[in-house]
$ cat my_file-v1.cif   # mmCIF, C-alpha atoms
data_input
#
loop_
_atom_site.label_atom_id
_atom_site.label_comp_id
_atom_site.auth_asym_id
_atom_site.auth_seq_id
_atom_site.Cartn_x
_atom_site.Cartn_y
_atom_site.Cartn_z
CA MET Z 1 -46.47 -267.99 -43.94
CA SER Z 2 -47.10 -264.98 -46.10
CA ILE Z 3 -49.80 -262.36 -45.71
CA LYS Z 4 -52.97 -262.94 -47.73
CA VAL Z 5 -55.41 -260.43 -46.20
CA PHE Z 6 -54.85 -256.81 -45.14
CA LEU Z 7 -57.43 -255.38 -42.74
CA SER Z 8 -57.66 -251.90 -41.30
CA ASP Z 9 -59.50 -250.26 -38.46
CA VAL Z 10 -61.33 -247.12 -39.60
CA ASP Z 11 -61.44 -244.42 -36.90
CA GLY Z 12 -57.94 -243.38 -35.97
CA VAL Z 13 -56.33 -245.25 -38.87
CA LEU Z 14 -58.15 -244.37 -42.09
CA THR Z 15 -59.37 -241.17 -40.40
CA ASP Z 16 -57.78 -238.83 -37.89
CA GLY Z 17 -60.06 -240.22 -35.20
CA GLY Z 18 -62.11 -237.05 -34.97
CA MET Z 19 -65.89 -237.10 -34.92
CA TYR Z 20 -67.13 -234.08 -36.82
CA TYR Z 21 -70.73 -232.87 -36.70
CA THR Z 22 -72.54 -230.12 -38.54
CA GLU Z 23 -74.94 -227.79 -36.79
CA SER Z 24 -77.81 -229.98 -38.00
CA GLY Z 25 -76.21 -233.12 -36.53
CA ASP Z 26 -74.79 -234.68 -39.70
CA GLU Z 27 -71.58 -236.61 -39.13
CA PHE Z 28 -68.62 -236.44 -41.47
CA LYS Z 29 -65.11 -237.86 -41.60
CA LYS Z 30 -61.99 -237.12 -43.61
CA PHE Z 31 -60.47 -240.09 -45.42
CA ASN Z 32 -57.08 -239.90 -47.13
CA CYS Z 33 -56.81 -240.75 -50.84
CA TYR Z 34 -53.30 -242.16 -50.32
CA ASP Z 35 -54.79 -244.90 -48.14
CA GLY Z 36 -57.38 -245.72 -50.79
CA MET Z 37 -54.67 -246.02 -53.43
CA GLY Z 38 -52.64 -248.22 -51.09
CA MET Z 39 -55.62 -250.57 -50.85
CA LYS Z 40 -56.01 -250.62 -54.63
CA LEU Z 41 -52.30 -251.33 -55.15
CA LEU Z 42 -52.44 -254.24 -52.71
CA GLN Z 43 -55.46 -255.66 -54.54
CA GLN Z 44 -53.62 -255.35 -57.85
CA ARG Z 45 -50.83 -257.46 -56.34
CA GLY Z 46 -53.35 -260.17 -55.40
CA TYR Z 47 -53.92 -259.37 -51.74
CA LYS Z 48 -57.43 -259.22 -50.27
CA VAL Z 49 -58.16 -255.95 -48.47
CA GLY Z 50 -60.86 -254.85 -46.07
CA ILE Z 51 -61.96 -252.79 -43.11
CA LEU Z 52 -62.83 -254.04 -39.64
CA THR Z 53 -64.57 -251.52 -37.42
CA SER Z 54 -66.53 -251.60 -34.20
CA GLU Z 55 -68.82 -248.86 -35.50
CA ASP Z 56 -71.64 -249.51 -37.93
CA ARG Z 57 -71.93 -246.25 -39.84
CA LYS Z 58 -73.15 -245.61 -43.37
CA ILE Z 59 -70.24 -243.24 -43.97
CA ASN Z 60 -67.79 -246.15 -43.47
CA ARG Z 61 -69.86 -248.38 -45.76
CA ASN Z 62 -69.84 -245.67 -48.43
CA ARG Z 63 -66.04 -245.43 -48.31
CA ALA Z 64 -65.60 -249.21 -48.46
CA ASP Z 65 -68.05 -249.44 -51.37
CA LYS Z 66 -66.28 -246.67 -53.27
CA LEU Z 67 -62.97 -248.50 -52.87
CA ASN Z 68 -64.53 -251.82 -53.90
CA LEU Z 69 -62.92 -253.58 -50.94
CA ASP Z 70 -62.90 -257.36 -50.73
CA TYR Z 71 -64.21 -257.28 -47.16
CA GLN Z 72 -66.05 -254.85 -44.96
CA PHE Z 73 -66.89 -255.81 -41.41
CA HIS Z 74 -68.97 -253.29 -39.44
CA GLY Z 75 -70.18 -253.27 -35.84
CA ILE Z 76 -67.64 -255.86 -34.69
CA LYS Z 77 -67.20 -255.60 -30.94
CA ASN Z 78 -64.77 -258.51 -30.41
CA LYS Z 79 -62.41 -258.23 -33.34
CA LEU Z 80 -60.19 -261.19 -32.43
CA ASP Z 81 -63.05 -263.68 -32.07
CA PHE Z 82 -64.59 -262.42 -35.31
CA ILE Z 83 -61.35 -262.79 -37.28
CA VAL Z 84 -60.66 -266.25 -35.84
CA GLU Z 85 -64.07 -267.33 -37.20
CA PHE Z 86 -63.36 -265.52 -40.48
CA CYS Z 87 -60.07 -267.40 -40.84
CA ASP Z 88 -61.83 -270.71 -40.25
CA LYS Z 89 -64.40 -269.90 -42.96
CA GLU Z 90 -61.77 -268.67 -45.42
CA ASN Z 91 -59.40 -271.56 -44.63
CA ILE Z 92 -56.51 -269.25 -43.79
CA ASP Z 93 -54.35 -268.91 -40.72
CA LEU Z 94 -54.34 -265.93 -38.37
CA SER Z 95 -50.66 -265.55 -39.26
CA GLU Z 96 -51.75 -264.71 -42.83
CA ILE Z 97 -53.62 -261.60 -41.64
CA ALA Z 98 -52.04 -258.14 -41.53
CA TYR Z 99 -53.93 -255.62 -39.41
CA ILE Z 100 -53.46 -251.98 -38.58
CA GLY Z 101 -55.19 -250.50 -35.54
CA ASP Z 102 -54.73 -247.71 -33.04
CA ASP Z 103 -56.81 -248.14 -29.90
CA ILE Z 104 -57.68 -250.55 -27.11
CA ASN Z 105 -60.43 -252.34 -29.05
CA CYS Z 106 -57.74 -253.47 -31.53
CA PHE Z 107 -55.28 -254.74 -28.89
CA ASP Z 108 -56.21 -258.44 -28.79
CA LEU Z 109 -56.29 -258.81 -32.57
CA LEU Z 110 -53.06 -256.86 -33.08
CA SER Z 111 -51.40 -259.14 -30.54
CA LYS Z 112 -52.28 -262.29 -32.55
CA VAL Z 113 -52.10 -261.51 -36.29
CA GLY Z 114 -49.18 -262.32 -38.55
CA THR Z 115 -48.27 -258.67 -39.06
CA ALA Z 116 -49.46 -255.83 -36.84
CA ALA Z 117 -49.02 -252.10 -37.38
CA CYS Z 118 -50.18 -248.87 -35.81
CA PRO Z 119 -50.18 -245.21 -36.79
CA LYS Z 120 -47.77 -242.80 -35.11
CA ASN Z 121 -50.55 -241.42 -32.90
CA ALA Z 122 -51.80 -244.79 -31.60
CA ILE Z 123 -52.23 -245.15 -27.85
CA GLN Z 124 -49.19 -246.32 -25.88
CA LYS Z 125 -50.71 -249.73 -25.04
CA ILE Z 126 -50.91 -250.50 -28.77
CA LYS Z 127 -47.36 -249.27 -29.37
CA SER Z 128 -46.18 -251.65 -26.61
CA ILE Z 129 -47.31 -254.80 -28.48
CA PRO Z 130 -44.19 -256.88 -29.23
CA ASN Z 131 -43.06 -256.64 -32.88
CA ILE Z 132 -45.74 -254.14 -33.89
CA ILE Z 133 -44.72 -251.90 -36.77
CA GLN Z 134 -44.91 -248.31 -35.56
CA LEU Z 135 -45.50 -246.15 -38.62
CA ASN Z 136 -44.30 -242.60 -39.17
CA SER Z 137 -47.70 -241.44 -40.43
CA GLU Z 138 -50.60 -240.52 -38.20
CA GLY Z 139 -54.10 -241.89 -38.66
CA GLY Z 140 -55.92 -240.13 -41.48
CA ASN Z 141 -52.62 -239.02 -42.99
CA GLY Z 142 -51.54 -242.01 -45.05
CA ALA Z 143 -50.80 -244.56 -42.30
CA PHE Z 144 -52.43 -247.42 -44.22
CA ARG Z 145 -50.54 -246.44 -47.39
CA GLU Z 146 -47.25 -246.47 -45.49
CA PHE Z 147 -48.12 -249.94 -44.16
CA ALA Z 148 -49.08 -251.17 -47.64
CA GLU Z 149 -45.85 -249.88 -49.16
CA LEU Z 150 -43.86 -252.22 -46.91
CA TYR Z 151 -45.34 -255.02 -49.04
CA LEU Z 152 -45.40 -253.18 -52.36
CA MET Z 153 -41.68 -252.44 -52.60
#

$ encode --input "my_file-v1.cif" --output "structure tokens"
Amino acid sequence: MSIKVFLSDVDGVLTDGGMYYTESGDEFKKFNCYDGMGMKLLQQRGYKVGILTSEDRKINRNRADKLNLDYQFHGIKNKLDFIVEFCDKENIDLSEIAYIGDDINCFDLLSKVGTAACPKNAIQKIKSIPNIIQLNSEGGNGAFREFAELYLM
């Protein structure tokens, strides 16, 4: 089966995983424009694209809205169970999902999707998943774009 939906974790994939705070307590994150363009290019080729994050932060919603993503799932604690239900609703198979993640909360989903990838700086447990694509880019530095380009060539 071919991939129909590309999903990405946010912290550690679309960002460098850092949590930055101003003196007044405002949070900010650095997103990479190459990743955003990778999402757009996938959409132009007919793929559905979205984010799947365990955090529920306005900053992530703002980024997803700006990119006009097909899906944005926030505050998801059990990513595998959520995506299994999503697949049932969308009438697609788990093997038609491509997912990129970097940390332990992504492990179960990465172990079951059709195509799994991780940034260069993912934790070792993620890198040990059989057949996972280990990218050359670190999170926040174009890892999603590198993953997308595997399908855009």

$ atom_distance --input "my_file-v1.cif" --atom1 "atom CA of Gly12 of chain Z" --atom2 "atom CA of Gly140 of chain Z"
6.7 Å

$ resolve_selection --input "my_file-v1.cif" --expression "the PyMOL selection byres ((chain Z and resi 23-29) around 12)" --output "list of chain:residue names"
Z:Val10, Z:Asp11, Z:Gly12, Z:Val13, Z:Leu14, Z:Thr15, Z:Asp16, Z:Gly17, Z:Gly18, Z:Met19, Z:Tyr20, Z:Tyr21, Z:Thr22, Z:Lys30, Z:Phe31, Z:Asn32, Z:Arg57, Z:Lys58, Z:Ile59, Z:Asn60, Z:Asn62, Z:Arg63, Z:Gly140

$ residues_around --input "my_file-v1.cif" --residues "Gly36 of chain Z" --least-positions-apart "4" --cutoff "12 Å" --atoms "only C-alpha atoms" --output "JSON list (two decimals) with C-alpha atoms, in the coordinates of the input"
[["chain", "number", "residue", "atom", "x", "y", "z"],
["Z", 8, "SER", "CA", -57.66, -251.90, -41.30],
["Z", 10, "VAL", "CA", -61.33, -247.12, -39.60],
["Z", 13, "VAL", "CA", -56.33, -245.25, -38.87],
["Z", 14, "LEU", "CA", -58.15, -244.37, -42.09],
["Z", 15, "THR", "CA", -59.37, -241.17, -40.40],
["Z", 31, "PHE", "CA", -60.47, -240.09, -45.42],
["Z", 32, "ASN", "CA", -57.08, -239.90, -47.13],
["Z", 40, "LYS", "CA", -56.01, -250.62, -54.63],
["Z", 41, "LEU", "CA", -52.30, -251.33, -55.15],
["Z", 42, "LEU", "CA", -52.44, -254.24, -52.71],
["Z", 43, "GLN", "CA", -55.46, -255.66, -54.54],
["Z", 49, "VAL", "CA", -58.16, -255.95, -48.47],
["Z", 50, "GLY", "CA", -60.86, -254.85, -46.07],
["Z", 51, "ILE", "CA", -61.96, -252.79, -43.11],
["Z", 63, "ARG", "CA", -66.04, -245.43, -48.31],
["Z", 64, "ALA", "CA", -65.60, -249.21, -48.46],
["Z", 65, "ASP", "CA", -68.05, -249.44, -51.37],
["Z", 66, "LYS", "CA", -66.28, -246.67, -53.27],
["Z", 67, "LEU", "CA", -62.97, -248.50, -52.87],
["Z", 68, "ASN", "CA", -64.53, -251.82, -53.90],
["Z", 69, "LEU", "CA", -62.92, -253.58, -50.94],
["Z", 140, "GLY", "CA", -55.92, -240.13, -41.48],
["Z", 141, "ASN", "CA", -52.62, -239.02, -42.99],
["Z", 142, "GLY", "CA", -51.54, -242.01, -45.05],
["Z", 143, "ALA", "CA", -50.80, -244.56, -42.30],
["Z", 144, "PHE", "CA", -52.43, -247.42, -44.22],
["Z", 145, "ARG", "CA", -50.54, -246.44, -47.39],
["Z", 146, "GLU", "CA", -47.25, -246.47, -45.49],
["Z", 148, "ALA", "CA", -49.08, -251.17, -47.64]]

$ resolve_selection --input "my_file-v1.cif" --expression "the PyMOL selection byres ((chain Z and resi 123) around 12)" --output "list in words"
Gly12, Val13, Gly17, Gly101, Asp102, Asp103, Ile104, Asn105, Cys106, Phe107, Cys118, Pro119, Lys120, Asn121, Ala122, Gln124, Lys125, Ile126, Lys127, Ser128, Ile129, Gln134, Glu138 and Gly139 of chain Z

$ resolve_selection --input "my_file-v1.cif" --expression "the PyMOL selection byres ((chain Z and resi 75) around 9)" --output "list in words"
Leu52, Thr53, Ser54, Glu55, Asp56, Arg57, Phe73, His74, Ile76 and Lys77 of chain Z

$ closest_residue --input "my_file-v1.cif" --among "Z:Asp9, Z:Asp35, Z:Glu96, Z:Glu85" --to "Thr115 of chain Z" --atoms "only C-alpha atoms"
Z:Glu96

$ atom_distance --input "my_file-v1.cif" --atom1 "atom CA of Tyr47 of chain Z" --atom2 "atom CA of Phe6 of chain Z"
7.1 Å

$ closest_residue --input "my_file-v1.cif" --among "Z:Tyr34, Z:Arg45, Z:Ser95, Z:Asp88" --to "Tyr151 of chain Z" --atoms "all atoms listed in the file"
Z:Arg45

$ closest_residue --input "my_file-v1.cif" --among "Z:Phe82, Z:Asp93, Z:Ile132, Z:Val113" --to "Phe147 of chain Z" --atoms "all atoms listed in the file"
Z:Ile132

$ atom_distance --input "my_file-v1.cif" --atom1 "atom CA of Glu90 of chain Z" --atom2 "atom CA of Gly38 of chain Z"
23.1 Å
